[in-house]
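> Please find run.txt (compact mmCIF, C-alpha atoms) on the next line:
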```
# COMPACT_ATOMS: atom_id res chain seq x y z
CA MET A 1002 33.62 -27.14 -72.15
CA HIS A 1003 33.68 -26.21 -68.47
CA ASN A 1004 36.95 -25.64 -66.77
CA SER A 1005 37.12 -27.57 -63.49
CA LEU A 1006 38.72 -24.56 -61.78
CA GLU A 1007 35.86 -22.27 -62.83
CA LEU A 1008 33.54 -21.23 -60.00
CA PRO A 1009 29.83 -22.01 -60.23
CA LEU A 1010 27.85 -19.01 -61.48
CA GLN A 1011 26.17 -18.20 -58.13
CA GLN A 1012 29.45 -18.33 -56.21
CA LYS A 1013 31.02 -16.16 -58.86
CA ASP A 1014 28.24 -13.56 -58.45
CA LEU A 1015 28.66 -13.61 -54.70
CA PHE A 1016 32.41 -13.21 -55.05
CA ILE A 1017 32.00 -10.27 -57.44
CA ARG A 1018 29.38 -8.63 -55.21
CA ARG A 1019 31.70 -8.85 -52.19
CA ALA A 1020 34.57 -7.46 -54.21
CA VAL A 1021 32.35 -4.58 -55.37
CA GLU A 1022 31.26 -3.87 -51.77
CA ASP A 1023 34.88 -3.84 -50.57
CA ASN A 1024 35.80 -1.65 -53.50
CA SER A 1025 32.90 0.75 -52.90
CA ALA A 1026 34.13 1.34 -49.33
CA LEU A 1027 37.59 2.05 -50.71
CA ASP A 1028 36.13 4.19 -53.50
CA HIS A 1029 34.14 6.16 -50.93
CA GLN A 1030 37.35 6.98 -49.05
CA ALA A 1031 39.30 7.74 -52.21
CA THR A 1032 36.55 10.00 -53.56
CA PHE A 1033 36.25 11.82 -50.23
CA THR A 1034 40.03 12.36 -50.09
CA GLN A 1035 40.07 13.58 -53.68
CA TRP A 1036 37.14 15.97 -53.20
CA MET A 1037 38.48 17.41 -49.96
CA THR A 1038 41.92 17.94 -51.52
CA GLU A 1039 40.55 19.53 -54.72
CA HIS A 1040 38.01 21.79 -53.04
CA GLU A 1041 39.82 22.68 -49.81
CA ARG A 1042 40.51 26.27 -50.90
CA LEU A 1043 36.92 26.80 -52.04
CA LEU A 1044 35.53 25.46 -48.76
CA ARG A 1045 37.99 27.40 -46.58
CA HIS A 1046 37.25 30.62 -48.48
CA ILE A 1047 33.49 30.20 -48.19
CA ILE A 1048 33.81 29.55 -44.45
CA THR A 1049 35.92 32.72 -44.07
CA GLY A 1050 32.97 34.69 -45.47
CA PHE A 1051 30.74 33.47 -42.65
CA GLU A 1052 32.93 33.08 -39.58
CA ALA A 1053 35.88 35.12 -38.31
CA LYS A 1054 37.29 32.98 -35.52
CA PRO A 1055 39.90 30.46 -36.76
CA ALA A 1056 38.96 27.84 -34.15
CA ILE A 1057 35.30 27.95 -35.19
CA GLN A 1058 36.35 28.00 -38.85
CA ASP A 1059 38.13 24.69 -38.22
CA GLU A 1060 35.07 23.25 -36.48
CA LEU A 1061 32.93 24.30 -39.43
CA TYR A 1062 35.40 22.79 -41.89
CA GLN A 1063 35.21 19.49 -40.02
CA GLU A 1064 31.42 19.73 -39.93
CA VAL A 1065 31.35 20.33 -43.69
CA ALA A 1066 33.71 17.37 -44.18
CA LEU A 1067 31.46 15.14 -42.08
CA ASN A 1068 28.40 16.17 -44.07
CA ILE A 1069 30.20 15.59 -47.37
CA TRP A 1070 31.22 12.13 -46.14
CA ARG A 1071 27.62 11.28 -45.25
CA ALA A 1072 26.15 12.81 -48.41
CA LEU A 1073 28.70 11.25 -50.76
CA PRO A 1074 26.63 8.11 -51.53
CA LYS A 1075 23.77 10.43 -52.63
CA PHE A 1076 25.89 12.10 -55.32
CA ARG A 1077 24.36 11.14 -58.69
CA ASN A 1078 26.47 13.17 -61.14
CA ASP A 1079 23.46 15.40 -61.92
CA SER A 1080 25.52 18.38 -60.75
CA SER A 1081 29.24 19.13 -60.68
CA VAL A 1082 31.25 18.09 -57.62
CA LYS A 1083 32.09 21.76 -57.04
CA THR A 1084 28.39 22.64 -56.90
CA PHE A 1085 27.65 19.64 -54.67
CA VAL A 1086 30.33 20.41 -52.06
CA ALA A 1087 29.54 24.14 -52.17
CA ARG A 1088 25.87 23.38 -51.50
CA ILE A 1089 26.73 21.20 -48.52
CA ALA A 1090 29.08 23.89 -47.19
CA HIS A 1091 26.39 26.56 -47.58
CA ASN A 1092 23.88 24.27 -45.89
CA VAL A 1093 26.16 23.91 -42.86
CA LEU A 1094 26.98 27.63 -42.85
CA ALA A 1095 23.35 28.74 -43.17
CA THR A 1096 22.59 26.60 -40.13
CA HIS A 1097 25.58 28.10 -38.33
CA VAL A 1098 24.53 31.66 -39.09
CA ALA A 1099 20.86 30.92 -38.37
CA LYS A 1100 21.69 29.59 -34.94
CA ALA A 1101 23.54 32.83 -34.24
CA VAL A 1102 25.21 31.18 -31.30
CA ARG A 1103 28.77 32.24 -31.83
CA THR A 1104 28.69 34.49 -34.87
CA ILE A 1105 28.81 38.25 -35.19
CA LYS A 1106 25.63 40.30 -35.17
CA ALA A 1107 24.21 39.94 -38.68
CA ASP A 1108 21.98 42.97 -38.43
CA GLN A 1109 24.70 45.28 -37.14
CA ASP A 1110 24.29 48.84 -38.32
CA LEU A 1111 26.24 49.37 -41.53
CA THR A 1112 27.65 52.71 -40.43
CA ASN A 1113 29.03 51.21 -37.25
CA VAL A 1114 30.56 48.35 -39.20
CA ASP A 1115 32.31 50.75 -41.52
CA GLN A 1116 33.66 52.68 -38.55
CA ASP A 1117 34.81 49.44 -36.92
CA ALA A 1118 36.58 48.38 -40.10
CA GLU A 1119 38.36 51.70 -40.33
CA ARG A 1120 39.36 51.63 -36.67
CA ASP A 1121 40.99 48.24 -37.29
CA ASN A 1122 43.30 49.80 -39.82
CA SER A 1123 44.15 52.66 -37.44
CA GLU A 1124 43.49 55.29 -40.07
CA PRO A 1125 40.77 55.69 -42.71
CA THR A 1126 42.78 54.44 -45.67
CA PRO A 1127 41.05 53.99 -49.06
CA PHE A 1128 40.46 50.30 -49.80
CA GLN A 1129 42.63 50.25 -52.92
CA SER A 1130 45.65 51.62 -51.13
CA LEU A 1131 45.72 48.91 -48.47
CA ASP A 1132 48.20 46.08 -48.87
CA LYS A 1133 46.90 42.75 -50.13
CA GLU A 1134 46.63 41.07 -46.71
CA GLN A 1135 44.75 44.07 -45.29
CA ARG A 1136 42.42 44.12 -48.28
CA GLN A 1137 41.70 40.41 -47.91
CA LYS A 1138 40.94 40.84 -44.22
CA LYS A 1139 38.74 43.87 -44.81
CA LEU A 1140 36.90 42.11 -47.64
CA ALA A 1141 36.24 39.00 -45.54
CA LYS A 1142 35.12 41.13 -42.62
CA ALA A 1143 32.78 43.18 -44.83
CA ILE A 1144 31.25 40.00 -46.28
CA ARG A 1145 30.56 38.71 -42.77
CA GLN A 1146 28.53 41.87 -42.09
CA LEU A 1147 26.19 41.21 -45.02
CA LYS A 1148 22.75 39.63 -44.76
CA LEU A 1149 22.79 35.84 -45.09
CA GLU A 1150 21.35 35.77 -48.64
CA HIS A 1151 23.92 38.34 -49.74
CA GLN A 1152 26.77 36.45 -48.06
CA GLN A 1153 25.71 33.35 -49.96
CA VAL A 1154 25.77 34.85 -53.46
CA ILE A 1155 28.82 37.04 -52.95
CA THR A 1156 31.07 34.24 -51.63
CA LEU A 1157 30.15 32.06 -54.60
CA ALA A 1158 30.52 34.91 -57.12
CA LEU A 1159 33.96 35.76 -55.74
CA GLU A 1160 34.94 32.13 -56.28
CA GLY A 1161 34.27 32.76 -59.96
CA MET A 1162 31.07 30.74 -60.17
CA SER A 1163 28.62 31.51 -62.98
CA TYR A 1164 25.02 32.63 -62.34
CA GLN A 1165 23.88 29.13 -63.25
CA GLU A 1166 26.30 27.48 -60.80
CA ILE A 1167 25.25 29.87 -58.01
CA ALA A 1168 21.61 29.15 -58.83
CA ASP A 1169 22.31 25.40 -58.60
CA VAL A 1170 24.07 25.72 -55.25
CA LEU A 1171 21.35 27.88 -53.70
CA SER A 1172 18.39 26.36 -55.61
CA ILE A 1173 17.15 29.72 -56.81
CA THR A 1174 16.60 31.12 -60.30
CA THR A 1175 19.41 32.80 -62.21
CA ASN A 1176 17.26 35.98 -62.25
CA LEU A 1177 17.18 35.98 -58.48
CA VAL A 1178 20.93 35.40 -58.40
CA GLY A 1179 21.27 38.58 -60.46
CA VAL A 1180 19.01 40.56 -58.15
CA ARG A 1181 20.72 39.34 -54.98
CA LEU A 1182 24.21 39.79 -56.42
CA LYS A 1183 23.56 43.38 -57.40
CA ARG A 1184 22.24 44.20 -53.95
CA SER A 1185 25.12 42.33 -52.33
CA LYS A 1186 27.61 44.31 -54.37
CA ALA A 1187 25.95 47.58 -53.38
CA ALA A 1188 26.06 46.66 -49.69
CA LEU A 1189 29.64 45.42 -49.99
CA SER A 1190 30.63 48.56 -51.80
CA GLN A 1191 29.23 50.64 -48.97
CA LEU A 1192 31.06 48.56 -46.39
CA LEU A 1193 34.36 48.79 -48.23
CA GLY A 1194 33.98 52.51 -48.71
CA ALA A 1195 34.24 52.11 -52.46
CA ALA A 1196 30.97 53.79 -53.36
CA MET B 81 5.44 15.73 -57.54
CA ASN B 82 7.26 18.90 -56.83
CA THR B 83 10.68 18.66 -55.26
CA ARG B 84 11.89 21.13 -52.68
CA LYS B 85 14.03 22.74 -55.36
CA ASP B 86 11.01 23.14 -57.63
CA LYS B 87 9.02 24.64 -54.75
CA ASN B 88 11.81 27.08 -54.00
CA VAL B 89 12.06 28.00 -57.65
CA ASP B 90 8.26 28.41 -57.88
CA LYS B 91 8.27 30.55 -54.75
CA ASP B 92 11.06 32.67 -56.16
CA ASN B 93 9.28 32.94 -59.52
CA ASP B 94 6.09 34.04 -57.79
CA LEU B 95 8.01 36.63 -55.88
CA MET B 96 9.57 37.79 -59.11
CA ASN B 97 6.18 38.06 -60.81
CA ILE B 98 4.43 39.80 -57.93
CA ASN B 99 7.31 42.16 -57.48
CA SER B 100 7.79 43.22 -61.06
CA THR B 101 9.47 46.38 -59.90
CA VAL B 102 12.40 44.47 -58.46
CA ASP B 103 14.39 44.76 -61.66
CA GLU B 104 13.54 48.45 -61.91
CA LEU B 105 14.66 48.90 -58.32
CA ASN B 106 17.81 47.01 -59.16
CA ASP B 107 18.48 49.41 -61.97
CA ASP B 108 18.49 52.19 -59.41
CA ILE B 109 21.28 50.51 -57.49
CA ASP B 110 24.61 51.88 -58.56
CA THR B 111 27.34 49.26 -58.41
CA SER B 112 29.66 50.82 -60.97
CA ALA B 113 32.38 51.53 -58.41
CA ILE B 114 32.56 47.95 -57.16
CA ASP B 115 32.10 46.56 -60.68
CA GLU B 116 35.30 48.35 -61.71
CA GLN B 117 37.14 46.73 -58.83
CA TRP B 118 35.45 43.35 -59.16
CA ALA B 119 38.34 41.59 -60.91
CA ALA B 120 40.78 42.79 -58.23
CA LEU B 121 38.38 41.79 -55.45
CA THR B 122 37.95 38.34 -56.98
CA GLN B 123 41.71 37.97 -57.23
CA ASP B 124 42.20 39.04 -53.60
CA TRP B 125 39.48 36.65 -52.46
CA GLN B 126 40.84 33.68 -54.36
CA ASP B 127 44.43 34.38 -53.26
CA GLN B 128 43.48 34.25 -49.58
CA PRO B 129 45.93 31.99 -47.77
CA VAL B 130 44.33 28.86 -46.41
CA GLU B 131 45.48 26.50 -43.73
CA HIS B 132 46.16 23.18 -45.42
CA THR B 133 44.49 20.21 -43.86
CA ASP B 134 45.97 16.79 -43.40
CA VAL B 135 43.32 15.02 -45.49
CA ASN B 136 44.21 11.58 -44.11
CA ALA B 137 43.77 12.85 -40.55
CA LEU B 138 40.50 14.49 -41.60
CA LEU B 139 39.33 11.21 -43.15
CA LYS B 140 40.19 9.30 -39.95
CA GLN B 141 38.44 11.88 -37.80
CA THR B 142 35.35 11.92 -40.04
CA LYS B 143 35.11 8.13 -39.98
CA ARG B 144 35.62 8.12 -36.20
CA ARG B 145 32.78 10.65 -35.73
CA THR B 146 30.45 8.62 -37.97
CA ILE B 147 31.33 5.38 -36.18
CA LYS B 148 30.89 7.03 -32.75
CA ALA B 149 27.38 8.22 -33.66
CA LYS B 150 26.46 4.77 -34.96
CA LEU B 151 28.01 3.04 -31.94
CA LEU B 152 26.06 5.24 -29.56
CA PHE B 153 22.82 4.38 -31.29
CA GLY B 154 23.85 0.71 -31.53
CA SER B 155 24.69 0.56 -27.82
CA ASN B 156 21.21 1.92 -26.99
CA ILE B 157 19.59 -0.78 -29.12
CA LEU B 158 21.85 -3.43 -27.58
CA ALA B 159 20.93 -2.27 -24.06
CA THR B 160 17.24 -2.39 -24.99
CA VAL B 161 17.57 -5.92 -26.39
CA GLY B 162 19.47 -6.92 -23.23
CA LEU B 163 16.71 -5.49 -21.06
CA LEU B 164 14.03 -7.21 -23.12
CA TYR B 165 15.86 -10.53 -22.90
CA SER B 166 16.41 -10.19 -19.13
CA TRP B 167 12.76 -9.30 -18.61
CA LEU B 168 11.46 -12.25 -20.66
CA TYR B 169 13.96 -14.66 -19.11
CA GLY B 170 13.22 -13.48 -15.59
CA TRP B 171 9.47 -13.56 -16.15
CA LEU B 172 9.08 -16.81 -18.11
CA TRP B 173 11.95 -19.04 -17.04
CA GLY B 174 13.97 -17.45 -14.27
CA ASN B 175 11.33 -17.30 -11.54
CA TRP B 176 12.77 -13.95 -10.52
CA GLU B 177 11.06 -11.83 -7.88
CA ARG B 178 8.04 -9.88 -9.11
CA PRO B 179 9.38 -6.37 -8.30
CA LEU B 180 12.48 -7.03 -10.35
CA VAL B 181 10.45 -8.44 -13.27
CA ASN B 182 8.12 -5.41 -13.19
CA TYR B 183 11.09 -3.06 -13.02
CA LEU B 184 12.71 -4.70 -16.03
CA GLY B 185 9.40 -4.70 -17.93
CA PHE B 186 8.79 -0.97 -17.48
CA GLY B 187 12.46 -0.27 -18.15
CA THR B 188 12.21 -2.15 -21.44
CA VAL B 189 9.17 -0.15 -22.55
CA ILE B 190 10.85 3.18 -21.71
CA SER B 191 14.04 2.08 -23.47
CA ILE B 192 12.13 1.10 -26.63
CA ILE B 193 10.42 4.53 -26.69
CA PHE B 194 13.83 6.21 -26.34
CA CYS B 195 15.32 4.14 -29.17
CA TYR B 196 12.38 4.96 -31.43
CA PHE B 197 12.71 8.72 -30.87
CA GLU B 198 16.48 8.59 -31.23
CA TYR B 199 16.10 6.75 -34.52
CA LYS B 200 13.58 9.34 -35.79
CA ILE B 201 15.84 12.25 -34.79
CA ARG B 202 18.95 10.74 -36.40
CA GLN B 203 17.10 9.73 -39.55
CA LYS B 204 15.78 13.25 -39.97
CA ALA B 205 19.15 14.90 -39.29
CA TRP B 206 21.06 12.61 -41.67
CA GLY B 207 18.43 12.79 -44.38
CA ASN B 208 18.70 16.58 -44.63
CA ILE B 209 22.41 16.75 -45.42
CA ASP B 210 22.18 17.72 -49.09
CA ASP B 211 19.10 19.94 -48.83
CA THR B 212 19.32 23.47 -50.16
CA PRO B 213 20.90 26.15 -47.96
CA ASP B 214 17.51 27.87 -47.69
CA MET B 215 16.11 24.66 -46.26
CA ALA B 216 18.99 24.53 -43.77
CA ILE B 217 17.34 27.24 -41.70
CA ASN B 218 14.05 25.34 -41.66
CA ASN B 219 15.96 22.19 -40.80
CA ALA B 220 17.69 24.00 -37.95
CA ILE B 221 14.29 25.07 -36.61
CA GLU B 222 12.93 21.54 -36.96
CA GLY B 223 16.08 20.27 -35.26
CA TYR B 224 15.40 22.54 -32.29
CA TYR B 225 11.80 21.30 -32.05
CA SER B 226 13.00 17.68 -32.16
CA SER B 227 15.59 18.41 -29.54
CA LEU B 228 12.99 20.10 -27.32
CA ASN B 229 10.67 17.10 -27.72
CA TYR B 230 13.51 14.77 -26.77
CA ILE B 231 14.29 16.92 -23.72
CA LYS B 232 10.60 16.91 -22.71
CA LEU B 233 10.50 13.14 -23.09
CA THR B 234 13.59 12.73 -20.92
CA LYS B 235 12.26 15.18 -18.33
CA TRP B 236 8.78 13.73 -18.01
CA SER B 237 10.01 10.13 -18.10
CA CYS B 238 11.64 10.94 -14.74
CA LEU B 239 8.14 10.73 -13.19
CA PRO B 240 7.21 7.15 -14.18
CA PHE B 241 10.81 6.17 -13.54
CA ALA B 242 10.60 7.68 -10.03
CA VAL B 243 7.38 5.75 -9.26
CA LEU B 244 8.83 2.54 -10.63
CA ALA B 245 12.21 2.87 -8.91
CA ASN B 246 10.63 3.83 -5.57
CA TYR B 247 8.27 0.84 -5.79
CA HIS B 248 11.17 -1.48 -6.58
CA LEU B 249 13.24 -0.08 -3.74
CA TYR B 250 10.34 -0.44 -1.29
CA GLU B 251 9.71 -4.06 -2.30
CA VAL B 252 13.38 -4.99 -2.06
CA ALA B 253 13.80 -3.23 1.33
CA THR B 254 10.64 -4.89 2.71
CA GLU B 255 11.81 -8.32 1.66
CA ALA B 256 15.24 -7.67 3.16
CA GLU B 257 13.54 -6.26 6.31
CA LYS B 258 15.58 -3.07 6.12
CA SER B 259 14.56 0.59 6.30
CA PRO B 260 14.12 2.04 2.77
CA VAL B 261 14.45 5.69 3.94
CA LYS B 262 18.13 6.19 3.12
CA GLY B 263 17.64 4.53 -0.26
CA PHE B 264 14.59 6.71 -0.97
CA ILE B 265 16.55 9.89 -0.23
CA ILE B 266 19.51 8.96 -2.47
CA LEU B 267 17.29 7.68 -5.28
CA ASN B 268 14.94 10.67 -5.35
CA LEU B 269 17.80 13.11 -5.07
CA PHE B 270 19.39 11.45 -8.09
CA ILE B 271 16.16 11.65 -10.10
CA LEU B 272 15.67 15.28 -9.05
CA VAL B 273 19.18 16.16 -10.26
CA ILE B 274 18.46 14.54 -13.66
CA TYR B 275 15.15 16.43 -13.86
CA VAL B 276 16.72 19.80 -13.00
CA ILE B 277 19.63 19.37 -15.45
CA THR B 278 17.25 18.34 -18.25
CA HIS B 279 14.95 21.26 -17.46
CA ALA B 280 17.87 23.74 -17.55
CA PHE B 281 19.01 22.31 -20.87
CA GLY B 282 15.47 22.68 -22.20
CA VAL B 283 15.30 26.34 -21.14
CA LYS B 284 18.63 27.00 -22.91
CA ARG B 285 17.42 25.30 -26.10
CA GLN B 286 14.12 27.23 -26.00
CA LYS B 287 16.03 30.53 -25.77
CA GLU B 288 18.18 29.54 -28.75
CA LEU B 289 15.07 28.59 -30.72
CA ASP B 290 13.38 31.92 -29.88
CA SER B 291 16.51 33.77 -31.03
CA LEU B 292 16.56 31.79 -34.27
CA LEU B 293 12.86 32.42 -34.93
CA ASP B 294 13.35 36.14 -34.30
CA LYS B 295 16.24 36.23 -36.74
CA THR B 296 14.41 34.39 -39.50
CA LYS B 297 11.36 36.66 -39.18
CA ASN B 298 13.48 39.73 -39.91
```
Would you mind writing the file's structure down as structure tokens?

Amino acid sequence: MHNSLELPLQQKDLFIRRAVEDNSALDHQATFTQWMTEHERLLRHIITGFEAKPAIQDELYQEVALNIWRALPKFRNDSSVKTFVARIAHNVLATHVAKAVRTIKADQDLTNVDQDAERDNSEPTPFQSLDKEQRQKKLAKAIRQLKLEHQQVITLALEGMSYQEIADVLSITTNLVGVRLKRSKAALSQLLGAA
Amino acid sequence: MNTRKDKNVDKDNDLMNINSTVDELNDDIDTSAIDEQWAALTQDWQDQPVEHTDVNALLKQTKRRTIKAKLLFGSNILATVGLLYSWLYGWLWGNWERPLVNYLGFGTVISIIFCYFEYKIRQKAWGNIDDTPDMAINNAIEGYYSSLNYIKLTKWSCLPFAVLANYHLYEVATEAEKSPVKGFIILNLFILVIYVITHAFGVKRQKELDSLLDKTKN
């Protein structure tokens, strides 16, 4: 028996569809807020490895956020959220570095970089004996001197990502991750004066 | 059909096969010193202080930027539809003067071309958001080419616009029995300024593109 208050089937479908559309807009916002809150540290850290100036770091963060917002409907759960947001961040940062508009010289001579880093700390102190804040600054600065492909793998490896996760973010094989990571470590080691 | 990811992987695999000595070379690289410190480095990196963002403000700002971009595109389409309507109305029902109808007609065509290119540029830019980072560099290069094409279009459209606007001004001045000289000077000066600014912007973009191409070659 039909209830007189029951909506006809077509109207019901329309009603549900509208509710779903309204909900999807809300879901979009909620998901964006959740992702940006959960992965803020990861995104900020990655950006630090590519850009030194805080004002530009903020611009890049906003640019990454905007790209995540736009790409969010494309997320199909075939990768983890961490991998997805990291890929978008690296996409934005690769463009930023490639444009070379406001970044440091990527092909700066390694010896000069090392000297610059040491000058910053007023005396040539071994890396291990620096205080934590100095070490963090020196590490970030050294990473920014690396070649783009080395910057990419090292920032992700330092975030504790596995070879597979790094390979997913950069769309390269795990073997190539290994090759690039080893070279990145060697270059980083030279820059930090650890070798 | 191969995806971009597959192509990248294939390319990387080829490189790996061709360069079979890569691993051997890698073995020659000594990373023992940094490997010993790796845990400490990772800890330092992950403990870096970060400036906390007001996520709600970020959400508002992100939505505002998206809406602004859409509004800008929407306003261009609206202006084009307005022009098209005015032209058709003036031509078919309004009995407007011929110079004005011609002016609106050419203006409509130019506006439609602009909207088409703007749509193509935006579609391309927004479609590349979740590409791989390697593709980001190619996308940046493509973006520069698109931008340069857009600049060229703007710059060279000054010429038909100048002819059209001068013709319109002449017709209006003749009908009003006034001298068009002052109007010609102001109008052409205005078009010249637009041309020069667009040209300067194009030169700047070309330099940036050259710098980017140099960097990606190395």
> Using all atoms listed in the file, which residues sit within 8 Å of Trp1070 in chain A once same-chain residues fewer than 3 positions away are excluded, as a ChimeraX atom specification?
/A:1033,1066-1067,1073 /B:142
> Kindly give the distance, in Å, that separates CA of Gln1152 in chain A and CA of Thr1034 in chain A, rounded to a single decimal.
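Value for the CA of Gln1152 in chain A-CA of Thr1034 in chain A distance: 27.6 Å.
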> Neighbouring residues of Ser166 in chain B were defined as those with any atom within 12 Å, considering only C-alpha atoms; residues of the same chain fewer than 2 positions away were excluded. Please report them as a PyMOL selection string.
chain B and resi 159-164+168-176+180-185+187-188
> Could you dump the residues just selected with C-alpha atoms as a PDB file, in the frame of the given file?

```pdb
ATOM      1  CA  ALA B 159      20.930  -2.270 -24.060  1.00  0.00           C
ATOM      2  CA  THR B 160      17.240  -2.390 -24.990  1.00  0.00           C
ATOM      3  CA  VAL B 161      17.570  -5.920 -26.390  1.00  0.00           C
ATOM      4  CA  GLY B 162      19.470  -6.920 -23.230  1.00  0.00           C
ATOM      5  CA  LEU B 163      16.710  -5.490 -21.060  1.00  0.00           C
ATOM      6  CA  LEU B 164      14.030  -7.210 -23.120  1.00  0.00           C
ATOM      7  CA  LEU B 168      11.460 -12.250 -20.660  1.00  0.00           C
ATOM      8  CA  TYR B 169      13.960 -14.660 -19.110  1.00  0.00           C
ATOM      9  CA  GLY B 170      13.220 -13.480 -15.590  1.00  0.00           C
ATOM     10  CA  TRP B 171       9.470 -13.560 -16.150  1.00  0.00           C
ATOM     11  CA  LEU B 172       9.080 -16.810 -18.110  1.00  0.00           C
ATOM     12  CA  TRP B 173      11.950 -19.040 -17.040  1.00  0.00           C
ATOM     13  CA  GLY B 174      13.970 -17.450 -14.270  1.00  0.00           C
ATOM     14  CA  ASN B 175      11.330 -17.300 -11.540  1.00  0.00           C
ATOM     15  CA  TRP B 176      12.770 -13.950 -10.520  1.00  0.00           C
ATOM     16  CA  LEU B 180      12.480  -7.030 -10.350  1.00  0.00           C
ATOM     17  CA  VAL B 181      10.450  -8.440 -13.270  1.00  0.00           C
ATOM     18  CA  ASN B 182       8.120  -5.410 -13.190  1.00  0.00           C
ATOM     19  CA  TYR B 183      11.090  -3.060 -13.020  1.00  0.00           C
ATOM     20  CA  LEU B 184      12.710  -4.700 -16.030  1.00  0.00           C
ATOM     21  CA  GLY B 185       9.400  -4.700 -17.930  1.00  0.00           C
ATOM     22  CA  GLY B 187      12.460  -0.270 -18.150  1.00  0.00           C
ATOM     23  CA  THR B 188      12.210  -2.150 -21.440  1.00  0.00           C
TER      24      THR B 188
END
```
> Would you work out the distance separating CA of Met1037 in chain A from CA of Arg145 in chain B, expressed in Å to one decimal?
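Taking CA of Met1037 in chain A and CA of Arg145 in chain B, their separation equals 16.8 Å.
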> For chain B, which residue out of A:Ile1089, A:Met1162, A:Val1082, A:Leu1044 is the nearest one, using only C-alpha atoms?
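Using only C-alpha atoms, chain B sits closest to A:Ile1089.
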> So how many Å separate CA of Asn246 in chain B and CA of Phe186 in chain B, to one decimal?
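So the two atoms, CA of Asn246 in chain B and CA of Phe186 in chain B, lie 13.0 Å apart.
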> Go through B:Glu198, B:Glu257, B:Asp110, B:Glu222 one by one, measure the shortest atom-to-atom distance of each to chain A using only C-alpha atoms, and give the residue with the smallest value.
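Of the candidates, the smallest distance to chain A is held by B:Asp110.
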> For Gly282 in chain B, which of B:Lys258, B:His248, B:Lys232, B:Lys148 is the closest residue, counting only C-alpha atoms?
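Selected residue with least distance to Gly282 in chain B: B:Lys232.
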> For chain B, which of A:Val1086, A:Pro1055, A:Ile1173, A:Lys1148 is the closest residue, counting all atoms listed in the file?
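Closest candidate: A:Ile1173.
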> Please return, as a CSV table (one decimal) with C-alpha atoms, keeping the file's coordinate frame, all polymer residues that have at least one atom within 12 Å of the point (45.1, 35.8, -56.3); use all atoms listed in the file and the file's own coordinate frame.

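Below you can see result33.csv, which holds the result:
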```csv
chain,number,residue,atom,x,y,z
A,1042,ARG,CA,40.5,26.3,-50.9
A,1133,LYS,CA,46.9,42.8,-50.1
A,1134,GLU,CA,46.6,41.1,-46.7
A,1136,ARG,CA,42.4,44.1,-48.3
A,1137,GLN,CA,41.7,40.4,-47.9
A,1159,LEU,CA,34.0,35.8,-55.7
A,1160,GLU,CA,34.9,32.1,-56.3
A,1161,GLY,CA,34.3,32.8,-60.0
B,119,ALA,CA,38.3,41.6,-60.9
B,120,ALA,CA,40.8,42.8,-58.2
B,121,LEU,CA,38.4,41.8,-55.4
B,122,THR,CA,38.0,38.3,-57.0
B,123,GLN,CA,41.7,38.0,-57.2
B,124,ASP,CA,42.2,39.0,-53.6
B,125,TRP,CA,39.5,36.6,-52.5
B,126,GLN,CA,40.8,33.7,-54.4
B,127,ASP,CA,44.4,34.4,-53.3
B,128,GLN,CA,43.5,34.2,-49.6
B,129,PRO,CA,45.9,32.0,-47.8
```
> So that I can check the surroundings of range 200-205 of chain B, please list as a count of residues only every protein, DNA and RNA residue that reaches within 12 Å of it, counting only C-alpha atoms and ignoring chain neighbours fewer than 4 positions away.
30
> Pick the closest to Asn1092 in chain A from A:Ser1163, A:Gln1153, A:Gln1030, A:Thr1175: which is it, counting all atoms listed in the file?
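For Asn1092 in chain A, the nearest of the candidates is A:Gln1153.
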